[in-house]
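Worksheet for the structure shown next.
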Amino acid sequence: IPRETLFNDFECPNEYLNDCEANITFSEECLSGNLEYILQCFDVQTSSQLIQPPLNFTLLQENQETASFSCVFTGYPQPQISWTFTSPANPNNSQPIVSGDQYNIVTIVENMTYTSTLNISNVMFSNTGTYSCIGVNGAPVPAVGVGNLTVLVRPTLTLTSSLRTINETESTSLSCQVEGSYPGLRVTWLKDSSPVIPNSRITLSGLDPILDINTGLYNTNSTLNIDNAAVADNGTYSCLTPFNPILDSLAEEIVIIVQVRNECVIQAPDGQLSPCVQGYCIDGDNSYFCQCFDDYTGTNCDQQVTTTEPPRFVTEPADQRLLLDGRATFSCIVTGQPQPRISWFKNGDEIPSEISPNLIILDVQPSDRGVYSCSATNSEGSIQSRGALLLIQNVAQYISFVTSSRNSTRRKRQELAPLEMALAEARIQFIGREVAPGASIYAIDGVIAGSELQIIFSVRVPITSTGAVITDGVTDGLNDVVDEVAMANPGFEFSTVQRFDGCLPESTTVFGNVNITWPEIGTAEVANVACPCGSITDTTGLYGNRTCGGDFVSIGVWETPDIRQCQYNDESRRLCQAAALNNPLAESVVLSNVSNNAENFGADTVNIAVSLLESLGEFLEDEDVFNNVLDTINNLFDVRDNVYEETPESASRVLSSIDNVAANVPFSNNSNRTTVARPQFALDIQVVLPENFNGLTFSVELNSDGQLDDNSLSGDSTSPAGSLELPNDLLSDVIGSARLAFGTLTGDSLFVQSSTGPTRSLRSIILSFDVYSFNGTKMIVSNLQTPISLSFEVSEVTGNLLCAFWDEETSRFSTEGCTKMNDGEEGILNCECDHLSFFGAVEEEQGPTTEGPTSEPEYEPQAIIFVGCIIALFIVVLAIISHLISASLRNSHEGKILVTSHLTLIILYIVIILATAATYANSDGFCGFSSGVFHYISIVYFMWIFAEGLYYVIKLRYGIGGSPLTRRYFIIMLILCWILPVLIVLISVAAGHEYYALDNAFCRPQQYPFWYGYIIPIVIIYILAFVCHIFSIFTLILNPMNSAETTVRKQTTLPHLVVAIILHVGFGIVWIFALTGTDYSVVGAPSTATQYIFGFLLIIHAILVFVFTLVRTEKTRNAWRSFLNRATGRSAKYEIAAVSENIYQQKEEAIGLGSSGRFSREGSIKKKPLDSDDVQPLNEETPDIDDDKHVDTAFATKEEKETKETKKPITSDTVVVNLEAQEDEEDDEKKTSL
């Protein structure tokens, strides 16, 4: 404090020394001490001030480093210094820090400066966040310093595999997973070191990282999908993470090989055939094309023309933007009768011999660029398509003209010839040279045209991930190359390099001395440049455009520019001239004056005004700038509504400007509260400490003109136009001082509603409230335990009156989180809301009244699922026992398949119970595991359904047991049915693991994995199984057989197939209700009803499985009889059943069914014994793999045993001739046995 200051007397409004002095009694004793003693002596206080804030740190976790934050404060009395930590996962909740464990706080006092140091040892990822030092000594606004600590965890990258071979037209997916601690882990896909450009066949997904709230790490699960693979897709694909100053970028590679196939070749038993019946075939990109002969049409030229119609386009060629050496495909699909003949054109010239609907260009080169079109002609007319452009993104060509210094044209031409030899040497020297960062020469061509030599440089240039071409510095680099060539070839004049396949930068005057500069672009491309407007050019949203014309044969030339948006009116021009002043006060004065005429603003002027308004946001400390900004915001309320409807983003930016004012409004005279008012909006801002906050009430009164003024927020009104009451616990989670901002607006012109949903019209003023932290950051306050109370004066209400807030995401007034309490007095609406925003009373002109917070109904699994699964489980267990008690059935292929299928069904019931329990448990880990198992087991069961269908096909068509491969059918299917679903589930989980544990959903795959990784595989498997059953039935019906064979067919295989189809179709119906009842989008009564239907159908299907297991085979019934007879001590009936079973099996083999399962009728044509693979002696040692084994000889008579041992192979002539006699003998044997 200066000594002379102490001698003067001043009136001090408060106890603080800022901006004022106190009445001081002079004392030499006081002045003889140090500053602290003087302040103490005169009882003077100074607020705490931060003179040195903490630094920011970025450290690597694996290094186990120590981060040290230091803050230096001044002030009297000595500030009390504390530290807080704010995690990025919970920015509204700051935690106090005390010494201990990782933390060590040291405070040093020296000469009225107070240094506090926070040391964090062995930093870990969990330490990432904001560390704040807070100095408090009684002043209303504490001093705060903020430092950020970022702890990085070294990322990991995983790619699917290193090599993949696929066939042409097939599809494949590459998956790349990255996990790390910083949000910049955006994945980039490269093909042969160049960025992958998505198109109709190649798609990229999951490029951006997603924060895992459980671990705090960022996960990137990116997928590259290639559909309809082509030869051009061959190459090395790389998954790359971006460079980080501390962590190196990561990259993994995979090689894809696409095998070519000829679509015009069909393999047939007698050779190769063409699919075109009456025409010739053309091999296409993914299929073939048949050019039909006259009078024939159809895809395969197999239909005669009966009616005529002119050609009509179904698909016209589309633009192609490719990389060098890429593959271009133009499609020209037409209809018409007779078949139209297609012709292709490049730059208007017909391309010979190209008549296919698909024009394919392999290994695209610069000479292939141009405009492609097609025509279609038949006897009824001709049509011409629009032109499609073919461009190469990563190639740019430049030209230099060379002439001889001699005057004679003839001598010039003679001397230019040796220069071509010099160019050959230049190619060796300069090809591959980098002429600019990332740009290198890959070809040099020289052409003599008249008396000059044209040197064309082809340069491979880099492109960004968005496909933008980077040509900066290429021209300068090529001019250096030309200079070197000129020095090596004296006597020749080399022109400056020009762009050959494009246009170099050029400027156009917009108005006065204001120019717009067009960048370098390629031929046929369009430059879009922001209109110049001082320092705010890039934010106005106004653009000029200009096309570079040319045909890739001659040098590109700029066409006439379109700068209509840049030809501003007087208001816009004045604003842009102000933006160029670089003087905030002068800019704000012009902005305020011009905006007085806002009712005449167009969309372009509004965009410029808002951009200039935003640029002044950091200069609000200047009182004049601040007032001009307030005037401008008020004036912008007068902009016509239709203008904001054209540019709704401008209205949102004006609202953001009001937020910016609330967060940065300056306080005067050490006050902690200020109000600002303009006719159409007003703000009341104050700074409070959370511990001193006991709730607040704000009210708004309009003047006689229905506008706001300086008295509108005084709170003295007895009939306010609106009021807002804050609860006492609003700031309970806030650390440090908070800035509270109450606002009101008189109209809704800035709230441009989207066209979706019912129309909601404002019937009151707008009230708003926001909370800002001490550093000006707007806090997100929602889900308040004690809501805020609102009251609105309303008028002219004829429809539903609602309490609503402005939802910026949907651009609509929403009622979510707001409850309409009652209408109170006439014309008053009272309500409560659990969050902060812009609020108002709205009238819904259509649709029902919405009262209270809206919420989606939750999914709730029903107990019927448990009951149905448990009952069905026990019933199917009985069915399995029915199979196992029959020795012959459990040892046959059919028995093994059915038993395994039913066991899988039991596991599936258990999994459904598990998933239902996981849904109740509401645990993400448990739910995700149950979803994965549900996905896997259900696919396994459908695979066994297919295995059973395929079994009958092989049995009837080729036979089981005829070869080692077919004899191992059950083992093969066992491996296939349990392994293939694993791959399907893994791919599905990798593509969308987050959909395996959705909130408010049954624990099974939902959304994308459900459709692509579950429904599609199951439908394919189910259709294949159904086709197999139908094929088997038709084989039995259409295969010619004698009467005996028909009898066996009706008694055995055909009933088995019919029963299998009934069970499988029944399970399909059950599963439709299962998936519908567990879908996340089906809730409420429909979900409950569907779950009950599913539970009952589940029990009915299990009963059918058990009943058909007993009824479909006599062997199972006999086995149950034997089991029951043994249990009761009776065995005679079982011996009858055993003999009957043996006789029945011998009858099957007698008519020629054979051990292989095939119908044998060679004997009806040739009288020779059947092949041993088809029929074998019926003795105990002969394994009968397909049909049931013979009854154990322990239950047969001695004569039957001897008959078995002496039985000879049955010949085919015995099949027909002795069938009736054999049946009589078997009946006699049966009677003897009795």
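Every chain in the structure tokens has a letter given in the order shown (A, B, ...), and although residue numbers restart at 1 in each chain, ligands are simply numbered from 1 in the order shown.
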
Distance query Ser592 in chain A at most 8 Å, only C-alpha atoms, self and fewer than 6 positions along chain excluded, as an MDAnalysis selection string: chainID A and resid 628:629 631:632

Strand (DSSP E) positions in range 830-1009 of chain A, given as a list in words: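 So the strand (DSSP E) residues in range 830-1009 of chain A would be Asn830, Cys831, Glu832, Cys833, Phe838, Phe839, Gly840, Ala841, Val842, Glu843 and Glu844 of chain A.
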
Best match for closeness to Glu948 in chain A among A:Gln102, A:Thr46, A:Ser901, A:Asn137, counting only C-alpha atoms: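 When distances to Glu948 in chain A are compared using only C-alpha atoms, the smallest one comes from A:Ser901.
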
Test item: residues at most 9 Å from Arg640 in chain A, only C-alpha atoms, excluding those fewer than 4 positions along its chain, as a ChimeraX atom specification: /A:598-602,644,749

Let's see if you can do this: from backbone DSSP, list all alpha helix (DSSP H) residues in range 546-789 of chain A, as a CSV table (one decimal) with N, CA and C atoms, in the first residue's frame.
chain,number,residue,atom,x,y,z
A,570,ASP,N,-26.4,-4.2,-48.4
A,570,ASP,CA,-25.7,-3.1,-47.7
A,570,ASP,C,-25.4,-3.5,-46.2
A,571,GLU,N,-26.4,-4.1,-45.5
A,571,GLU,CA,-26.2,-4.5,-44.1
A,571,GLU,C,-25.1,-5.5,-44.0
A,572,SER,N,-25.1,-6.6,-44.8
A,572,SER,CA,-24.1,-7.6,-44.7
A,572,SER,C,-22.7,-7.0,-45.1
A,573,ARG,N,-22.7,-6.1,-46.0
A,573,ARG,CA,-21.4,-5.6,-46.4
A,573,ARG,C,-20.8,-4.7,-45.3
A,574,ARG,N,-21.7,-4.0,-44.6
A,574,ARG,CA,-21.2,-3.2,-43.5
A,574,ARG,C,-20.7,-4.1,-42.3
A,575,LEU,N,-21.4,-5.2,-42.1
A,575,LEU,CA,-20.9,-6.1,-41.0
A,575,LEU,C,-19.6,-6.7,-41.4
A,576,CYS,N,-19.4,-7.1,-42.6
A,576,CYS,CA,-18.1,-7.7,-43.0
A,576,CYS,C,-17.0,-6.7,-43.0
A,577,GLN,N,-17.2,-5.4,-43.3
A,577,GLN,CA,-16.2,-4.4,-43.2
A,577,GLN,C,-15.9,-4.2,-41.8
A,578,ALA,N,-16.8,-4.3,-40.9
A,578,ALA,CA,-16.5,-4.1,-39.4
A,578,ALA,C,-15.7,-5.3,-38.9
A,579,ALA,N,-16.0,-6.5,-39.4
A,579,ALA,CA,-15.2,-7.7,-39.0
A,579,ALA,C,-13.8,-7.6,-39.4
A,584,PRO,N,-12.6,-4.7,-31.4
A,584,PRO,CA,-13.9,-5.2,-30.8
A,584,PRO,C,-14.9,-4.1,-30.5
A,585,LEU,N,-14.5,-3.0,-30.0
A,585,LEU,CA,-15.4,-1.9,-29.7
A,585,LEU,C,-16.1,-1.4,-31.0
A,586,ALA,N,-15.2,-1.1,-32.0
A,586,ALA,CA,-15.8,-0.6,-33.3
A,586,ALA,C,-16.7,-1.7,-33.9
A,587,GLU,N,-16.3,-2.9,-33.9
A,587,GLU,CA,-17.1,-4.0,-34.4
A,587,GLU,C,-18.5,-4.1,-33.7
A,588,SER,N,-18.5,-3.9,-32.4
A,588,SER,CA,-19.7,-4.0,-31.7
A,588,SER,C,-20.6,-2.8,-31.9
A,589,VAL,N,-20.1,-1.6,-32.1
A,589,VAL,CA,-20.9,-0.5,-32.5
A,589,VAL,C,-21.6,-0.7,-33.8
A,590,VAL,N,-20.8,-1.1,-34.8
A,590,VAL,CA,-21.4,-1.3,-36.1
A,590,VAL,C,-22.5,-2.4,-36.0
A,591,LEU,N,-22.2,-3.4,-35.3
A,591,LEU,CA,-23.2,-4.6,-35.2
A,591,LEU,C,-24.5,-4.1,-34.6
A,592,SER,N,-24.3,-3.3,-33.5
A,592,SER,CA,-25.5,-2.8,-32.8
A,592,SER,C,-26.4,-1.9,-33.7
A,593,ASN,N,-25.7,-1.0,-34.4
A,593,ASN,CA,-26.4,-0.1,-35.3
A,593,ASN,C,-27.1,-0.8,-36.4
A,594,VAL,N,-26.4,-1.7,-37.1
A,594,VAL,CA,-26.9,-2.4,-38.2
A,594,VAL,C,-28.1,-3.3,-37.8
A,595,SER,N,-28.0,-3.9,-36.6
A,595,SER,CA,-29.0,-4.8,-36.2
A,595,SER,C,-30.3,-4.1,-35.8
A,603,ALA,N,-31.5,-14.3,-44.6
A,603,ALA,CA,-30.7,-15.4,-44.0
A,603,ALA,C,-29.2,-15.1,-44.0
A,604,ASP,N,-28.7,-14.5,-45.1
A,604,ASP,CA,-27.3,-14.3,-45.2
A,604,ASP,C,-26.8,-13.2,-44.1
A,605,THR,N,-27.6,-12.2,-44.0
A,605,THR,CA,-27.2,-11.1,-43.0
A,605,THR,C,-27.3,-11.7,-41.6
A,606,VAL,N,-28.3,-12.5,-41.3
A,606,VAL,CA,-28.4,-13.1,-40.0
A,606,VAL,C,-27.2,-14.0,-39.7
A,607,ASN,N,-26.8,-14.8,-40.6
A,607,ASN,CA,-25.6,-15.6,-40.4
A,607,ASN,C,-24.4,-14.8,-40.1
A,608,ILE,N,-24.2,-13.7,-40.9
A,608,ILE,CA,-23.0,-12.8,-40.6
A,608,ILE,C,-23.1,-12.2,-39.3
A,609,ALA,N,-24.3,-11.7,-38.9
A,609,ALA,CA,-24.5,-11.0,-37.6
A,609,ALA,C,-24.2,-11.9,-36.5
A,610,VAL,N,-24.7,-13.1,-36.5
A,610,VAL,CA,-24.5,-14.1,-35.5
A,610,VAL,C,-23.0,-14.5,-35.4
A,611,SER,N,-22.3,-14.6,-36.5
A,611,SER,CA,-20.9,-15.0,-36.5
A,611,SER,C,-20.1,-13.8,-35.8
A,612,LEU,N,-20.4,-12.6,-36.1
A,612,LEU,CA,-19.7,-11.5,-35.5
A,612,LEU,C,-20.1,-11.4,-34.1
A,613,LEU,N,-21.3,-11.7,-33.7
A,613,LEU,CA,-21.7,-11.7,-32.3
A,613,LEU,C,-20.9,-12.7,-31.5
A,614,GLU,N,-20.7,-13.9,-32.1
A,614,GLU,CA,-19.9,-14.9,-31.4
A,614,GLU,C,-18.4,-14.5,-31.2
A,615,SER,N,-17.9,-13.8,-32.2
A,615,SER,CA,-16.5,-13.4,-32.1
A,615,SER,C,-16.3,-12.4,-31.1
A,623,GLU,N,-17.2,-2.7,-21.0
A,623,GLU,CA,-18.6,-2.3,-20.7
A,623,GLU,C,-19.4,-1.9,-22.0
A,624,ASP,N,-18.7,-1.1,-22.9
A,624,ASP,CA,-19.3,-0.7,-24.1
A,624,ASP,C,-19.6,-1.8,-25.0
A,625,VAL,N,-18.6,-2.7,-25.2
A,625,VAL,CA,-18.8,-3.9,-26.0
A,625,VAL,C,-19.9,-4.7,-25.4
A,626,PHE,N,-20.0,-4.9,-24.1
A,626,PHE,CA,-21.0,-5.7,-23.5
A,626,PHE,C,-22.4,-5.1,-23.8
A,627,ASN,N,-22.6,-3.8,-23.6
A,627,ASN,CA,-23.9,-3.2,-23.9
A,627,ASN,C,-24.3,-3.4,-25.4
A,628,ASN,N,-23.3,-3.2,-26.3
A,628,ASN,CA,-23.6,-3.3,-27.7
A,628,ASN,C,-24.0,-4.8,-28.0
A,629,VAL,N,-23.4,-5.7,-27.4
A,629,VAL,CA,-23.8,-7.1,-27.6
A,629,VAL,C,-25.2,-7.4,-27.1
A,630,LEU,N,-25.6,-6.8,-25.9
A,630,LEU,CA,-26.9,-7.0,-25.4
A,630,LEU,C,-27.9,-6.4,-26.4
A,631,ASP,N,-27.6,-5.2,-26.9
A,631,ASP,CA,-28.6,-4.6,-27.9
A,631,ASP,C,-28.7,-5.4,-29.1
A,632,THR,N,-27.6,-6.0,-29.6
A,632,THR,CA,-27.7,-6.8,-30.8
A,632,THR,C,-28.6,-8.0,-30.6
A,633,ILE,N,-28.4,-8.7,-29.4
A,633,ILE,CA,-29.2,-9.9,-29.2
A,633,ILE,C,-30.7,-9.5,-29.1
A,634,ASN,N,-31.0,-8.4,-28.5
A,634,ASN,CA,-32.4,-8.0,-28.4
A,634,ASN,C,-32.9,-7.7,-29.8
A,635,ASN,N,-32.1,-7.0,-30.7
A,635,ASN,CA,-32.5,-6.7,-32.0
A,635,ASN,C,-32.8,-8.0,-32.8
A,636,LEU,N,-32.0,-9.0,-32.6
A,636,LEU,CA,-32.1,-10.2,-33.4
A,636,LEU,C,-33.5,-11.0,-33.1
A,641,ASP,N,-39.8,-14.6,-38.7
A,641,ASP,CA,-39.8,-16.0,-38.3
A,641,ASP,C,-39.4,-16.9,-39.5
A,642,ASN,N,-39.8,-16.6,-40.7
A,642,ASN,CA,-39.4,-17.4,-41.9
A,642,ASN,C,-37.9,-17.4,-42.1
A,643,VAL,N,-37.2,-16.4,-41.7
A,643,VAL,CA,-35.8,-16.4,-41.9
A,643,VAL,C,-35.1,-17.4,-41.0
A,644,TYR,N,-35.5,-17.4,-39.7
A,644,TYR,CA,-35.0,-18.4,-38.8
A,644,TYR,C,-35.4,-19.9,-39.2
A,645,GLU,N,-36.6,-20.0,-39.8
A,645,GLU,CA,-37.0,-21.3,-40.3
A,645,GLU,C,-36.1,-21.8,-41.4
A,646,GLU,N,-35.5,-20.8,-42.3
A,646,GLU,CA,-34.6,-21.2,-43.3
A,646,GLU,C,-33.2,-21.6,-42.7
A,648,PRO,N,-32.3,-22.6,-39.1
A,648,PRO,CA,-32.6,-22.8,-37.7
A,648,PRO,C,-31.3,-22.8,-36.8
A,649,GLU,N,-30.2,-23.1,-37.5
A,649,GLU,CA,-28.9,-23.1,-36.7
A,649,GLU,C,-28.5,-21.7,-36.3
A,650,SER,N,-29.0,-20.7,-37.0
A,650,SER,CA,-28.7,-19.3,-36.6
A,650,SER,C,-29.4,-19.0,-35.3
A,651,ALA,N,-30.7,-19.5,-35.2
A,651,ALA,CA,-31.5,-19.2,-34.0
A,651,ALA,C,-30.8,-19.9,-32.8
A,652,SER,N,-30.3,-21.1,-33.0
A,652,SER,CA,-29.6,-21.8,-31.9
A,652,SER,C,-28.4,-21.1,-31.5
A,653,ARG,N,-27.7,-20.5,-32.4
A,653,ARG,CA,-26.5,-19.7,-32.1
A,653,ARG,C,-26.8,-18.5,-31.3
A,654,VAL,N,-27.9,-17.8,-31.6
A,654,VAL,CA,-28.3,-16.7,-30.8
A,654,VAL,C,-28.6,-17.1,-29.3
A,655,LEU,N,-29.2,-18.2,-29.1
A,655,LEU,CA,-29.4,-18.7,-27.8
A,655,LEU,C,-28.1,-19.0,-27.1
A,656,SER,N,-27.2,-19.6,-27.9
A,656,SER,CA,-25.8,-19.8,-27.3
A,656,SER,C,-25.2,-18.5,-26.9
A,657,SER,N,-25.4,-17.4,-27.7
A,657,SER,CA,-24.8,-16.1,-27.3
A,657,SER,C,-25.4,-15.6,-26.0
A,658,ILE,N,-26.7,-15.9,-25.7
A,658,ILE,CA,-27.2,-15.5,-24.4
A,658,ILE,C,-26.6,-16.3,-23.3
A,659,ASP,N,-26.3,-17.6,-23.5
A,659,ASP,CA,-25.5,-18.4,-22.6
A,659,ASP,C,-24.2,-17.8,-22.3
A,660,ASN,N,-23.5,-17.4,-23.4
A,660,ASN,CA,-22.2,-16.8,-23.3
A,660,ASN,C,-22.2,-15.6,-22.4
A,661,VAL,N,-23.2,-14.7,-22.6
A,661,VAL,CA,-23.3,-13.5,-21.8
A,661,VAL,C,-23.5,-13.9,-20.4
A,662,ALA,N,-24.4,-14.9,-20.1
A,662,ALA,CA,-24.6,-15.3,-18.7
A,662,ALA,C,-23.4,-15.8,-18.0
A,663,ALA,N,-22.5,-16.5,-18.8
A,663,ALA,CA,-21.3,-17.1,-18.2
A,663,ALA,C,-20.2,-16.1,-18.0
A,664,ASN,N,-20.3,-15.0,-18.7
A,664,ASN,CA,-19.1,-14.0,-18.7
A,664,ASN,C,-19.5,-12.6,-18.4

Residues near range 694-709 of chain A, cut-off 10 Å, only C-alpha atoms, skip fewer than 3 positions along chain, as a ChimeraX atom specification: /A:676-682,684,690-691,712-731,742-747,765,767,769,788-792

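Taking CA of Trp83 in chain A and CA of Asn672 in chain A as the two end points, the separation is 23.7 Å.
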